[in-house]
file final_21.tsv (TSV, C-alpha atoms (C1' of nucleotides))
chain	number	residue	atom	x	y	z
A	1391	MET	CA	132.59	126.51	109.04
A	1392	GLN	CA	131.54	127.93	112.35
A	1393	SER	CA	128.36	129.88	111.81
A	1394	ARG	CA	125.59	128.26	109.80
A	1395	ILE	CA	122.09	129.16	108.72
A	1396	VAL	CA	119.56	126.35	108.68
A	1397	LEU	CA	115.93	126.44	107.54
A	1398	LEU	CA	113.22	124.03	108.60
A	1399	VAL	CA	110.30	123.97	106.19
A	1400	ASP	CA	107.18	122.36	107.60
A	1401	LEU	CA	104.15	121.83	105.37
A	1402	ASP	CA	101.12	122.98	107.37
A	1403	TYR	CA	98.60	120.35	108.58
A	1404	PHE	CA	99.80	118.46	105.56
A	1405	TYR	CA	97.31	115.66	104.86
A	1406	ALA	CA	94.33	117.89	105.59
A	1407	GLN	CA	95.74	120.71	103.49
A	1408	CYS	CA	96.23	118.35	100.56
A	1409	GLU	CA	92.54	117.46	100.80
A	1410	GLU	CA	91.57	121.14	100.97
A	1411	MET	CA	93.57	121.76	97.82
A	1412	ARG	CA	91.84	118.93	96.00
A	1413	GLN	CA	88.45	120.21	97.18
A	1414	PRO	CA	88.62	123.92	98.11
A	1415	SER	CA	85.05	123.95	99.44
A	1416	LEU	CA	86.44	122.11	102.50
A	1417	LYS	CA	88.51	125.09	103.60
A	1418	ASP	CA	86.00	126.62	106.00
A	1419	LYS	CA	84.94	123.31	107.55
A	1420	PRO	CA	86.61	121.08	110.12
A	1421	VAL	CA	88.58	118.51	108.09
A	1422	VAL	CA	89.71	115.38	109.89
A	1423	ILE	CA	91.98	112.88	108.19
A	1424	CYS	CA	91.52	109.44	109.68
A	1425	VAL	CA	93.24	106.07	109.86
A	1426	TYR	CA	90.35	103.64	110.04
A	1427	SER	CA	91.31	100.39	111.73
A	1428	GLY	CA	88.36	98.42	110.39
A	1429	ARG	CA	87.27	96.95	113.74
A	1430	THR	CA	84.00	98.85	113.82
A	1431	GLU	CA	82.43	101.61	111.75
A	1432	ASP	CA	84.42	104.45	113.33
A	1433	SER	CA	87.31	102.68	115.06
A	1434	GLY	CA	90.68	104.24	114.44
A	1435	ALA	CA	92.58	107.44	115.10
A	1436	VAL	CA	92.95	110.93	113.75
A	1437	SER	CA	96.04	111.39	111.63
A	1438	THR	CA	95.77	115.12	110.91
A	1439	ALA	CA	93.15	117.82	111.37
A	1440	ASN	CA	92.96	121.25	109.79
A	1441	TYR	CA	92.98	124.33	112.03
A	1442	VAL	CA	89.20	124.69	111.94
A	1443	ALA	CA	88.95	121.22	113.50
A	1444	ARG	CA	91.74	121.96	115.97
A	1445	LYS	CA	89.66	124.77	117.45
A	1446	TYR	CA	87.36	122.03	118.75
A	1447	GLY	CA	90.17	120.06	120.37
A	1448	ILE	CA	90.70	117.66	117.49
A	1449	HIS	CA	94.32	116.74	116.89
A	1450	SER	CA	96.40	113.82	115.74
A	1451	GLY	CA	96.22	110.65	117.76
A	1452	ILE	CA	92.79	110.98	119.30
A	1453	PRO	CA	90.13	108.34	118.53
A	1454	ILE	CA	87.86	109.12	115.57
A	1455	THR	CA	84.83	108.55	117.75
A	1456	LEU	CA	86.05	111.19	120.20
A	1457	ALA	CA	86.63	113.65	117.35
A	1458	LYS	CA	83.06	113.08	116.15
A	1459	LYS	CA	81.74	113.60	119.66
A	1460	LYS	CA	83.56	116.91	120.00
A	1461	LEU	CA	81.98	118.23	116.81
A	1462	LYS	CA	78.61	116.87	117.75
A	1463	ASP	CA	78.79	118.67	121.12
A	1464	ALA	CA	79.69	121.89	119.31
A	1465	LYS	CA	76.84	121.25	116.86
A	1466	ILE	CA	79.23	121.60	113.95
A	1467	GLU	CA	79.35	119.53	110.78
A	1468	GLY	CA	82.78	118.07	110.06
A	1469	VAL	CA	84.33	116.28	107.10
A	1470	PHE	CA	86.00	112.97	107.91
A	1471	LEU	CA	88.24	111.51	105.23
A	1472	PRO	CA	90.45	108.42	105.11
A	1473	VAL	CA	94.17	108.99	104.52
A	1474	ASP	CA	95.16	108.86	100.85
A	1475	LEU	CA	98.89	108.41	101.20
A	1476	PRO	CA	99.72	107.99	97.48
A	1477	PHE	CA	98.10	111.36	96.77
A	1478	TYR	CA	99.97	113.13	99.58
A	1479	LYS	CA	103.21	111.47	98.56
A	1480	LYS	CA	102.95	112.81	94.99
A	1481	ILE	CA	102.48	116.34	96.30
A	1482	SER	CA	105.25	115.92	98.84
A	1483	ASP	CA	107.68	114.68	96.18
A	1484	LYS	CA	107.01	117.71	93.99
A	1485	ILE	CA	107.49	120.12	96.87
A	1486	MET	CA	110.64	118.45	98.11
A	1487	GLU	CA	112.06	118.82	94.62
A	1488	ILE	CA	111.36	122.53	94.79
A	1489	LEU	CA	112.93	122.87	98.23
A	1490	ARG	CA	116.03	120.94	97.29
A	1491	ASP	CA	116.94	123.60	94.75
A	1492	TYR	CA	117.14	126.22	97.48
A	1493	ALA	CA	119.62	124.34	99.64
A	1494	ASP	CA	123.36	123.79	99.83
A	1495	HIS	CA	122.55	120.68	101.85
A	1496	PHE	CA	119.13	119.11	102.05
A	1497	GLU	CA	117.53	116.65	104.45
A	1498	GLN	CA	113.94	115.49	104.21
A	1499	VAL	CA	112.36	114.36	107.47
A	1500	GLY	CA	109.16	112.43	107.07
A	1501	ILE	CA	106.65	113.32	104.35
A	1502	ASP	CA	106.11	116.95	105.32
A	1503	GLU	CA	109.36	118.44	106.66
A	1504	ALA	CA	112.81	119.28	105.39
A	1505	TYR	CA	115.95	120.95	106.65
A	1506	LEU	CA	117.89	123.21	104.32
A	1507	ASP	CA	121.41	124.35	105.07
A	1508	VAL	CA	121.65	127.67	103.23
A	1509	THR	CA	124.87	128.99	104.76
A	1510	GLN	CA	126.81	129.32	101.53
A	1511	ARG	CA	124.14	130.80	99.31
A	1512	THR	CA	123.15	133.38	101.92
A	1513	LYS	CA	126.74	134.05	102.93
A	1514	ALA	CA	125.56	133.37	106.48
A	1515	ASN	CA	123.45	136.52	106.30
A	1516	TYR	CA	120.04	136.40	108.01
A	1517	LEU	CA	118.50	139.09	105.81
A	1518	GLN	CA	119.32	137.02	102.78
A	1519	ALA	CA	118.04	133.93	104.55
A	1520	GLU	CA	114.75	135.66	105.29
A	1521	ASP	CA	114.51	136.65	101.65
A	1522	LEU	CA	115.16	133.06	100.64
A	1523	ALA	CA	112.54	131.77	103.06
A	1524	ARG	CA	109.95	134.13	101.58
A	1525	LYS	CA	110.82	132.97	98.07
A	1526	ILE	CA	110.41	129.37	99.17
A	1527	LYS	CA	107.02	130.01	100.72
A	1528	ASN	CA	105.90	131.89	97.62
A	1529	ASN	CA	107.15	129.24	95.27
A	1530	VAL	CA	105.46	126.42	97.16
A	1531	LEU	CA	102.24	128.42	97.26
A	1532	THR	CA	102.17	129.32	93.58
A	1533	LYS	CA	103.42	125.96	92.27
A	1534	GLU	CA	101.59	123.60	94.62
A	1535	ARG	CA	99.03	125.87	96.28
A	1536	LEU	CA	100.10	124.87	99.76
A	1537	THR	CA	101.23	126.95	102.73
A	1538	CYS	CA	104.16	126.06	104.92
A	1539	SER	CA	105.86	127.35	108.04
A	1540	VAL	CA	109.54	128.14	108.03
A	1541	GLY	CA	112.00	128.45	110.88
A	1542	VAL	CA	115.40	130.06	110.35
A	1543	GLY	CA	118.19	129.55	112.85
A	1544	PRO	CA	121.84	128.77	113.43
A	1545	ASN	CA	121.20	125.01	113.59
A	1546	LYS	CA	118.52	122.35	113.10
A	1547	LEU	CA	117.33	122.45	116.68
A	1548	VAL	CA	116.61	126.18	116.69
A	1549	ALA	CA	115.20	126.15	113.16
A	1550	LYS	CA	112.74	123.42	114.12
A	1551	ILE	CA	111.50	125.21	117.22
A	1552	ALA	CA	111.35	128.51	115.34
A	1553	ALA	CA	109.11	126.95	112.68
A	1554	ASP	CA	106.95	125.56	115.46
A	1555	VAL	CA	106.18	128.81	117.27
A	1556	LYS	CA	104.28	130.41	114.41
A	1557	LYS	CA	102.08	128.29	112.24
A	1558	PRO	CA	100.34	127.90	109.93
A	1559	ASP	CA	101.94	130.02	107.22
A	1560	GLY	CA	104.62	131.32	109.60
A	1561	LEU	CA	108.12	132.61	109.13
A	1562	THR	CA	110.31	132.94	112.20
A	1563	LEU	CA	113.94	134.02	112.34
A	1564	VAL	CA	116.15	133.41	115.34
A	1565	ARG	CA	119.64	134.81	115.03
A	1566	ALA	CA	122.49	133.19	116.92
A	1567	HIS	CA	122.53	136.24	119.18
A	1568	ASP	CA	118.86	135.78	120.08
A	1569	VAL	CA	118.88	132.04	120.74
A	1570	ALA	CA	119.03	132.18	124.54
A	1571	SER	CA	116.23	134.72	124.94
A	1572	PHE	CA	114.13	132.89	122.34
A	1573	LEU	CA	114.46	129.49	123.97
A	1574	SER	CA	114.50	130.15	127.68
A	1575	PRO	CA	110.80	131.02	128.24
A	1576	LEU	CA	109.54	128.10	126.12
A	1577	PRO	CA	108.12	124.98	127.79
A	1578	VAL	CA	110.50	122.00	127.64
A	1579	ARG	CA	107.88	120.18	125.59
A	1580	ARG	CA	108.96	122.25	122.58
A	1581	LEU	CA	112.32	120.49	122.45
A	1582	VAL	CA	112.56	117.59	120.06
A	1583	GLY	CA	112.89	114.52	122.23
A	1584	VAL	CA	110.67	115.74	125.04
A	1585	GLY	CA	107.34	113.99	124.85
A	1586	LYS	CA	104.68	113.33	127.43
A	1587	LYS	CA	106.70	110.99	129.66
A	1588	THR	CA	109.83	113.07	129.67
A	1589	GLU	CA	107.85	116.22	130.35
A	1590	LYS	CA	106.38	114.56	133.45
A	1591	LYS	CA	109.79	113.41	134.60
A	1592	LEU	CA	111.26	116.89	134.14
A	1593	GLU	CA	108.38	118.37	136.08
A	1594	THR	CA	109.25	116.23	139.11
A	1595	LEU	CA	112.62	118.00	139.00
A	1596	ASN	CA	110.78	121.33	138.87
A	1597	ILE	CA	111.90	121.89	135.31
A	1598	ARG	CA	109.19	123.36	133.14
A	1599	THR	CA	110.96	125.80	130.83
A	1600	VAL	CA	113.94	125.46	128.55
A	1601	GLY	CA	115.70	128.13	130.62
A	1602	GLN	CA	115.27	126.12	133.80
A	1603	LEU	CA	116.60	123.07	132.00
A	1604	SER	CA	119.66	124.97	130.80
A	1605	ARG	CA	120.54	125.95	134.37
A	1606	PHE	CA	120.11	122.44	135.74
A	1607	ASP	CA	123.21	120.47	136.69
A	1608	ILE	CA	124.30	118.35	133.74
A	1609	GLN	CA	125.58	115.51	135.92
A	1610	ARG	CA	122.19	115.19	137.57
A	1611	LEU	CA	120.50	115.20	134.16
A	1612	ILE	CA	122.75	112.34	133.11
A	1613	GLU	CA	121.93	110.41	136.28
A	1614	VAL	CA	118.20	110.78	135.64
A	1615	PHE	CA	118.02	110.43	131.85
A	1616	GLY	CA	121.15	108.51	130.91
A	1617	ARG	CA	124.27	109.69	129.13
A	1618	LYS	CA	122.89	110.47	125.68
A	1619	LEU	CA	119.64	112.13	126.66
A	1620	GLY	CA	121.14	113.96	129.64
A	1621	THR	CA	123.88	115.46	127.48
A	1622	TYR	CA	121.40	116.22	124.72
A	1623	PHE	CA	119.08	118.07	127.10
A	1624	HIS	CA	121.92	120.16	128.42
A	1625	ASN	CA	123.09	121.14	124.96
A	1626	ALA	CA	119.64	121.54	123.44
A	1627	SER	CA	118.39	123.80	126.22
A	1628	ASN	CA	121.40	126.01	125.54
A	1629	GLY	CA	120.61	126.08	121.84
A	1630	ILE	CA	123.62	123.97	120.97
A	1631	ASP	CA	123.26	121.50	118.10
A	1632	ASP	CA	126.17	120.49	115.89
A	1633	THR	CA	124.32	117.90	113.81
A	1634	SER	CA	124.70	118.53	110.10
A	1635	VAL	CA	122.01	118.78	107.46
A	1636	GLN	CA	122.54	115.56	105.61
A	1637	GLU	CA	120.54	113.46	103.25
A	1638	ARG	CA	119.93	109.96	104.46
A	1639	SER	CA	120.02	107.61	101.52
A	1640	MET	CA	119.08	104.26	102.99
A	1641	PRO	CA	116.33	103.52	105.52
A	1642	GLU	CA	117.32	101.63	108.67
A	1643	SER	CA	114.19	99.50	108.60
A	1644	LEU	CA	110.94	98.87	106.75
A	1645	SER	CA	107.80	97.79	108.56
A	1646	ARG	CA	104.05	97.32	108.33
A	1647	ILE	CA	101.60	96.97	111.16
A	1648	SER	CA	97.89	96.36	111.04
A	1649	THR	CA	94.91	96.02	113.37
A	1650	LEU	CA	93.06	92.71	113.57
A	1651	LYS	CA	89.30	92.55	113.12
A	1652	GLU	CA	89.15	91.09	116.63
A	1653	ASN	CA	91.65	90.08	119.28
A	1654	THR	CA	93.09	86.62	118.77
A	1655	LYS	CA	95.96	84.26	119.44
A	1656	ASN	CA	94.91	81.94	116.63
A	1657	LEU	CA	98.07	81.40	114.62
A	1658	SER	CA	96.42	80.69	111.26
A	1659	ILE	CA	94.33	83.85	111.43
A	1660	ILE	CA	97.39	85.84	112.35
A	1661	LEU	CA	99.65	84.33	109.71
A	1662	ASP	CA	97.05	84.88	107.01
A	1663	LYS	CA	97.08	88.58	107.83
A	1664	VAL	CA	100.77	88.86	108.52
A	1665	PHE	CA	101.86	87.26	105.25
A	1666	ARG	CA	100.11	90.05	103.39
A	1667	LEU	CA	102.11	92.53	105.45
A	1668	CYS	CA	105.26	90.60	104.52
A	1669	ASP	CA	104.37	90.93	100.85
A	1670	GLU	CA	103.98	94.69	101.20
A	1671	VAL	CA	107.25	95.12	103.05
A	1672	HIS	CA	108.97	92.89	100.54
A	1673	ALA	CA	107.61	94.94	97.64
A	1674	LYS	CA	109.13	98.05	99.14
A	1675	LEU	CA	112.39	96.25	99.75
A	1676	ALA	CA	112.56	95.08	96.12
A	1677	GLN	CA	111.54	98.49	94.84
A	1678	ARG	CA	114.47	100.05	96.67
A	1679	GLY	CA	116.85	97.23	95.82
A	1680	LEU	CA	117.61	96.35	99.41
A	1681	VAL	CA	118.38	93.16	101.28
A	1682	TYR	CA	117.68	92.48	104.96
A	1683	ARG	CA	119.44	90.51	107.65
A	1684	SER	CA	117.06	90.91	110.60
A	1685	VAL	CA	113.36	90.09	110.84
A	1686	SER	CA	111.10	91.37	113.63
A	1687	ILE	CA	107.49	90.92	114.59
A	1688	PHE	CA	105.31	93.24	116.65
A	1689	ILE	CA	102.35	92.42	118.80
A	1690	VAL	CA	100.12	95.03	120.38
A	1691	ALA	CA	98.18	93.08	122.99
A	1692	GLU	CA	94.60	93.55	124.15
A	1693	ASP	CA	95.78	95.89	126.90
A	1694	LEU	CA	97.78	97.90	124.29
A	1695	SER	CA	101.11	96.70	125.69
A	1696	VAL	CA	103.68	96.40	122.91
A	1697	HIS	CA	105.84	93.32	122.40
A	1698	SER	CA	108.49	92.49	119.84
A	1699	ARG	CA	110.60	89.52	118.84
A	1700	SER	CA	113.38	89.45	116.33
A	1701	LYS	CA	115.88	87.19	114.66
A	1702	THR	CA	119.06	88.00	112.81
A	1703	LEU	CA	120.00	85.72	109.93
A	1704	GLU	CA	123.45	84.46	109.00
A	1705	ASN	CA	123.47	86.32	105.69
A	1706	PRO	CA	121.64	89.21	104.09
A	1707	THR	CA	118.86	88.10	101.76
A	1708	SER	CA	115.86	89.42	99.88
A	1709	ASN	CA	114.08	86.08	99.87
A	1710	ILE	CA	110.38	86.39	100.66
A	1711	LYS	CA	110.07	82.76	101.76
A	1712	THR	CA	112.82	83.21	104.31
A	1713	PHE	CA	111.02	86.33	105.51
A	1714	LYS	CA	107.68	84.55	105.93
A	1715	LYS	CA	109.22	81.47	107.48
A	1716	THR	CA	111.11	83.53	110.06
A	1717	VAL	CA	107.99	85.55	110.80
A	1718	SER	CA	105.97	82.34	111.26
A	1719	GLU	CA	108.49	80.90	113.68
A	1720	LEU	CA	108.64	84.09	115.70
A	1721	PHE	CA	104.85	84.35	115.98
A	1722	GLU	CA	104.43	80.68	116.85
A	1723	LYS	CA	107.03	80.97	119.57
A	1724	PHE	CA	105.57	84.20	120.91
A	1725	PHE	CA	102.03	82.90	121.25
A	1726	THR	CA	102.97	79.53	122.75
A	1727	GLU	CA	105.15	81.32	125.31
A	1728	SER	CA	103.00	84.33	126.18
A	1729	GLY	CA	99.40	83.23	125.80
A	1730	LEU	CA	98.47	86.86	125.08
A	1731	GLU	CA	95.78	87.86	122.63
A	1732	ALA	CA	96.85	90.22	119.86
A	1733	ARG	CA	95.01	93.39	118.90
A	1734	ARG	CA	97.51	94.54	116.29
A	1735	ILE	CA	100.33	92.70	114.56
A	1736	GLY	CA	103.28	93.84	112.50
A	1737	VAL	CA	106.46	92.82	110.74
A	1738	LYS	CA	109.73	94.57	110.15
A	1739	VAL	CA	112.98	94.00	108.29
A	1740	SER	CA	116.14	95.75	109.39
A	1741	ASN	CA	119.90	95.54	109.07
A	1742	LEU	CA	119.37	96.67	105.51
A	1743	THR	CA	122.04	96.89	102.83
A	1744	LYS	CA	122.05	97.59	99.10
A	1745	LYS	CA	121.48	94.59	96.94
A	1746	GLU	CA	124.63	94.34	94.94
A	1747	THR	CA	124.69	93.15	91.36
A	1748	GLU	CA	126.86	90.11	90.67
A	1749	GLN	CA	129.11	92.49	88.74
A	1750	LYS	CA	129.65	94.62	91.78
A	1751	GLN	CA	130.09	91.67	94.08
A	1752	LEU	CA	132.82	90.43	91.79
A	1753	MET	CA	134.40	93.87	91.71
A	1754	ASN	CA	134.41	94.02	95.48
A	1755	PHE	CA	135.88	90.56	95.63
A	1756	PHE	CA	138.90	91.65	93.57
B	725	DG	C1'	130.68	93.72	120.46
B	726	DA	C1'	126.49	91.69	118.65
B	727	DA	C1'	121.81	90.33	119.39
B	728	DC	C1'	117.60	91.16	121.55
B	729	DA	C1'	113.56	93.48	124.00
B	730	DG	C1'	111.41	97.51	125.55
B	731	DA	C1'	110.64	102.56	126.00
B	732	DA	C1'	110.01	106.92	124.06
B	733	DA	C1'	109.31	110.16	120.57
B	734	DA	C1'	107.85	112.22	116.22
B	735	DC	C1'	105.18	111.97	112.31
C	371	DC	C1'	88.50	104.67	122.75
C	372	DC	C1'	93.47	103.88	121.45
C	373	DT	C1'	96.58	104.35	113.58
C	374	DC	C1'	100.78	103.75	111.41
C	375	DC	C1'	105.88	104.18	110.41
C	376	DT	C1'	110.59	104.98	111.71
C	377	DT	C1'	114.53	106.14	114.61
C	378	DT	C1'	117.25	106.22	118.69
C	379	DC	C1'	118.56	104.86	123.09
C	380	DT	C1'	119.02	101.70	127.19
C	381	DG	C1'	119.66	97.57	129.77
C	382	DT	C1'	120.47	92.79	129.50
C	383	DT	C1'	122.64	88.75	127.95
C	384	DC	C1'	126.05	86.10	125.91
call {"tool": "encode", "arguments": {"input": "final_21.tsv", "output": "structure tokens"}}
result
Amino acid sequence: MQSRIVLLVDLDYFYAQCEEMRQPSLKDKPVVICVYSGRTEDSGAVSTANYVARKYGIHSGIPITLAKKKLKDAKIEGVFLPVDLPFYKKISDKIMEILRDYADHFEQVGIDEAYLDVTQRTKANYLQAEDLARKIKNNVLTKERLTCSVGVGPNKLVAKIAADVKKPDGLTLVRAHDVASFLSPLPVRRLVGVGKKTEKKLETLNIRTVGQLSRFDIQRLIEVFGRKLGTYFHNASNGIDDTSVQERSMPESLSRISTLKENTKNLSIILDKVFRLCDEVHAKLAQRGLVYRSVSIFIVAEDLSVHSRSKTLENPTSNIKTFKKTVSELFEKFFTESGLEARRIGVKVSNLTKKETEQKQLMNFF
DNA sequence: GAACAGAAAAC
DNA sequence: CCTCCTTTCTGTTC
């Protein structure tokens, strides 16, 4: 197969839109969905804001206190709500089920995005793909009362950027023939993989647009960004992306991180908190029938520097005691060696495999 | 080639 | 003032 059609469906300002749906009177107000850290009354960060709130410079990642200040300065009343992940997850699951039915190949990315390869069912025809995209938007709206933005392109990269340029409630088609003219004026920041740091670095090379990036010498890109990223930038800026739309069945890792009430290096305080995180990770592990072989801990220090330590075990296991014991040892070692105070702490299991039944293990043995 | 630590990004 | 979760890549070390 040489020419594909890929859709990226992005649920608009998802958490905030879920809350608007549950309580339609919110729709004309700034809605700010928050992750409260529990340090002080309003400590924490903004997870998602609706477009009314965005007009006042409120977007994901900024401190809740700053978001409140912005609305106060504008003399506007806002609605601040804590994230209700189980509620959003239920809605997401229902929508993903709808989307799946429209795809030859389906790949969910996060809670609010999915790629659909629709090459076969549209016979690689963009008019049919546009028709399909409209049906999807309609279906999601009537069944779940939520809007989404859809990008249609010859690959995942272009579909993603296409969905990005018009939202909320957008539909953008970019035919293979139009890829170069579509991409070249866009700022490099639009490319997946270009964040704040990389944008800065590219700017020192006088690269601000995707077009400028596409004309830049690939060897030099590799020197500056390394083999993978350098090659990726060259291809991406030229609209080239061969990655397939593929469901990922097993997660690579499961983790939980949490903010401490106050900074500390007191091991018993930390372990008390961290063991609860272990229990939560373990519950998820058991629920998915997975075993782990590596255990990691995370420490975000007072100065927000991030540190990690990890240990790989001899054999895969699902044992919670092994998990907690390994975590304890890693934390003890970290704090005796570093002397840092922790602001946030986390745990992670990785190197995951399916827990096999004894039946299956026997079968594999023979 | 595996294990480990850190950086960066996206969500 | 600064959340949470996951993936991918890089350099280093053994």
call {"tool": "interface_residues", "arguments": {"input": "final_21.tsv", "of": "chain A", "to": "chain B", "cutoff": "12 Å", "atoms": "only C-alpha atoms (C1' of nucleotides)", "output": "MDAnalysis selection string"}}
result
chainID A and resid 1400 1403:1405 1437:1438 1450:1451 1499:1503 1579:1589 1615 1619 1683:1688 1695:1703 1741
call {"tool": "interface_residues", "arguments": {"input": "final_21.tsv", "of": "chain C", "to": "chain A", "cutoff": "8 Å", "atoms": "all atoms listed in the file", "output": "PDB file with C-alpha atoms (C1' of nucleotides), keeping the file's coordinate frame"}}
result
ATOM      1  C1'  DC C 371      88.500 104.670 122.750  1.00  0.00           C
ATOM      2  C1'  DC C 372      93.470 103.880 121.450  1.00  0.00           C
ATOM      3  C1'  DT C 373      96.580 104.350 113.580  1.00  0.00           C
ATOM      4  C1'  DC C 374     100.780 103.750 111.410  1.00  0.00           C
ATOM      5  C1'  DC C 375     105.880 104.180 110.410  1.00  0.00           C
ATOM      6  C1'  DT C 376     110.590 104.980 111.710  1.00  0.00           C
ATOM      7  C1'  DT C 377     114.530 106.140 114.610  1.00  0.00           C
ATOM      8  C1'  DC C 379     118.560 104.860 123.090  1.00  0.00           C
TER       9       DC C 379
END
call {"tool": "closest_residue", "arguments": {"input": "final_21.tsv", "among": "A:Glu1409, A:Leu1563, A:Glu1727, A:Asp1507", "to": "Asp1521 of chain A", "atoms": "only C-alpha atoms"}}
result
A:Leu1563
call {"tool": "closest_residue", "arguments": {"input": "final_21.tsv", "among": "A:Arg1429, A:Arg1444, A:Lys1745, A:Lys1655", "to": "Phe1725 of chain A", "atoms": "all atoms listed in the file"}}
result
A:Lys1655
call {"tool": "atom_distance", "arguments": {"input": "final_21.tsv", "atom1": "atom CA of Ser1393 of chain A", "atom2": "atom CA of Glu1497 of chain A"}}
result
18.6 Å
call {"tool": "atom_distance", "arguments": {"input": "final_21.tsv", "atom1": "atom CA of Val1422 of chain A", "atom2": "atom CA of Ile1735 of chain A"}}
result
25.5 Å
call {"tool": "atom_distance", "arguments": {"input": "final_21.tsv", "atom1": "atom CA of Arg1394 of chain A", "atom2": "atom CA of Ile1526 of chain A"}}
result
18.6 Å
call {"tool": "build_atoms", "arguments": {"input": "final_21.tsv", "residues": "segment 1598-1610 of chain A", "atoms": "N, CA, C and O atoms", "output": "PDB file, in the coordinates of the input"}}
result
ATOM      1  N   ARG A1598     110.322 123.192 134.051  1.00  0.00           N
ATOM      2  CA  ARG A1598     109.190 123.360 133.140  1.00  0.00           C
ATOM      3  C   ARG A1598     109.580 124.128 131.880  1.00  0.00           C
ATOM      4  O   ARG A1598     109.019 123.910 130.828  1.00  0.00           O
ATOM      5  N   THR A1599     110.559 125.023 131.994  1.00  0.00           N
ATOM      6  CA  THR A1599     110.960 125.800 130.830  1.00  0.00           C
ATOM      7  C   THR A1599     112.367 125.398 130.359  1.00  0.00           C
ATOM      8  O   THR A1599     113.144 124.796 131.102  1.00  0.00           O
ATOM      9  N   VAL A1600     112.638 125.764 129.124  1.00  0.00           N
ATOM     10  CA  VAL A1600     113.940 125.460 128.550  1.00  0.00           C
ATOM     11  C   VAL A1600     115.048 126.185 129.349  1.00  0.00           C
ATOM     12  O   VAL A1600     116.133 125.641 129.563  1.00  0.00           O
ATOM     13  N   GLY A1601     114.731 127.387 129.814  1.00  0.00           N
ATOM     14  CA  GLY A1601     115.700 128.130 130.620  1.00  0.00           C
ATOM     15  C   GLY A1601     116.043 127.411 131.903  1.00  0.00           C
ATOM     16  O   GLY A1601     117.222 127.308 132.275  1.00  0.00           O
ATOM     17  N   GLN A1602     115.020 126.884 132.578  1.00  0.00           N
ATOM     18  CA  GLN A1602     115.270 126.120 133.800  1.00  0.00           C
ATOM     19  C   GLN A1602     116.109 124.883 133.510  1.00  0.00           C
ATOM     20  O   GLN A1602     117.008 124.538 134.282  1.00  0.00           O
ATOM     21  N   LEU A1603     115.825 124.253 132.384  1.00  0.00           N
ATOM     22  CA  LEU A1603     116.600 123.070 132.000  1.00  0.00           C
ATOM     23  C   LEU A1603     118.062 123.428 131.754  1.00  0.00           C
ATOM     24  O   LEU A1603     118.968 122.691 132.158  1.00  0.00           O
ATOM     25  N   SER A1604     118.278 124.582 131.134  1.00  0.00           N
ATOM     26  CA  SER A1604     119.660 124.970 130.800  1.00  0.00           C
ATOM     27  C   SER A1604     120.490 125.251 132.048  1.00  0.00           C
ATOM     28  O   SER A1604     121.707 125.103 132.032  1.00  0.00           O
ATOM     29  N   ARG A1605     119.818 125.633 133.128  1.00  0.00           N
ATOM     30  CA  ARG A1605     120.540 125.950 134.370  1.00  0.00           C
ATOM     31  C   ARG A1605     120.691 124.724 135.271  1.00  0.00           C
ATOM     32  O   ARG A1605     121.367 124.774 136.287  1.00  0.00           O
ATOM     33  N   PHE A1606     120.060 123.642 134.909  1.00  0.00           N
ATOM     34  CA  PHE A1606     120.110 122.440 135.740  1.00  0.00           C
ATOM     35  C   PHE A1606     121.447 121.726 135.598  1.00  0.00           C
ATOM     36  O   PHE A1606     122.037 121.702 134.524  1.00  0.00           O
ATOM     37  N   ASP A1607     121.912 121.139 136.694  1.00  0.00           N
ATOM     38  CA  ASP A1607     123.210 120.470 136.690  1.00  0.00           C
ATOM     39  C   ASP A1607     123.243 119.298 135.701  1.00  0.00           C
ATOM     40  O   ASP A1607     122.421 118.378 135.773  1.00  0.00           O
ATOM     41  N   ILE A1608     124.226 119.359 134.801  1.00  0.00           N
ATOM     42  CA  ILE A1608     124.300 118.350 133.740  1.00  0.00           C
ATOM     43  C   ILE A1608     124.531 116.942 134.289  1.00  0.00           C
ATOM     44  O   ILE A1608     123.985 115.959 133.777  1.00  0.00           O
ATOM     45  N   GLN A1609     125.318 116.843 135.343  1.00  0.00           N
ATOM     46  CA  GLN A1609     125.580 115.510 135.920  1.00  0.00           C
ATOM     47  C   GLN A1609     124.301 114.875 136.439  1.00  0.00           C
ATOM     48  O   GLN A1609     124.062 113.678 136.262  1.00  0.00           O
ATOM     49  N   ARG A1610     123.470 115.711 137.057  1.00  0.00           N
ATOM     50  CA  ARG A1610     122.190 115.190 137.570  1.00  0.00           C
ATOM     51  C   ARG A1610     121.280 114.774 136.424  1.00  0.00           C
ATOM     52  O   ARG A1610     120.574 113.757 136.509  1.00  0.00           O
TER      53      ARG A1610
END
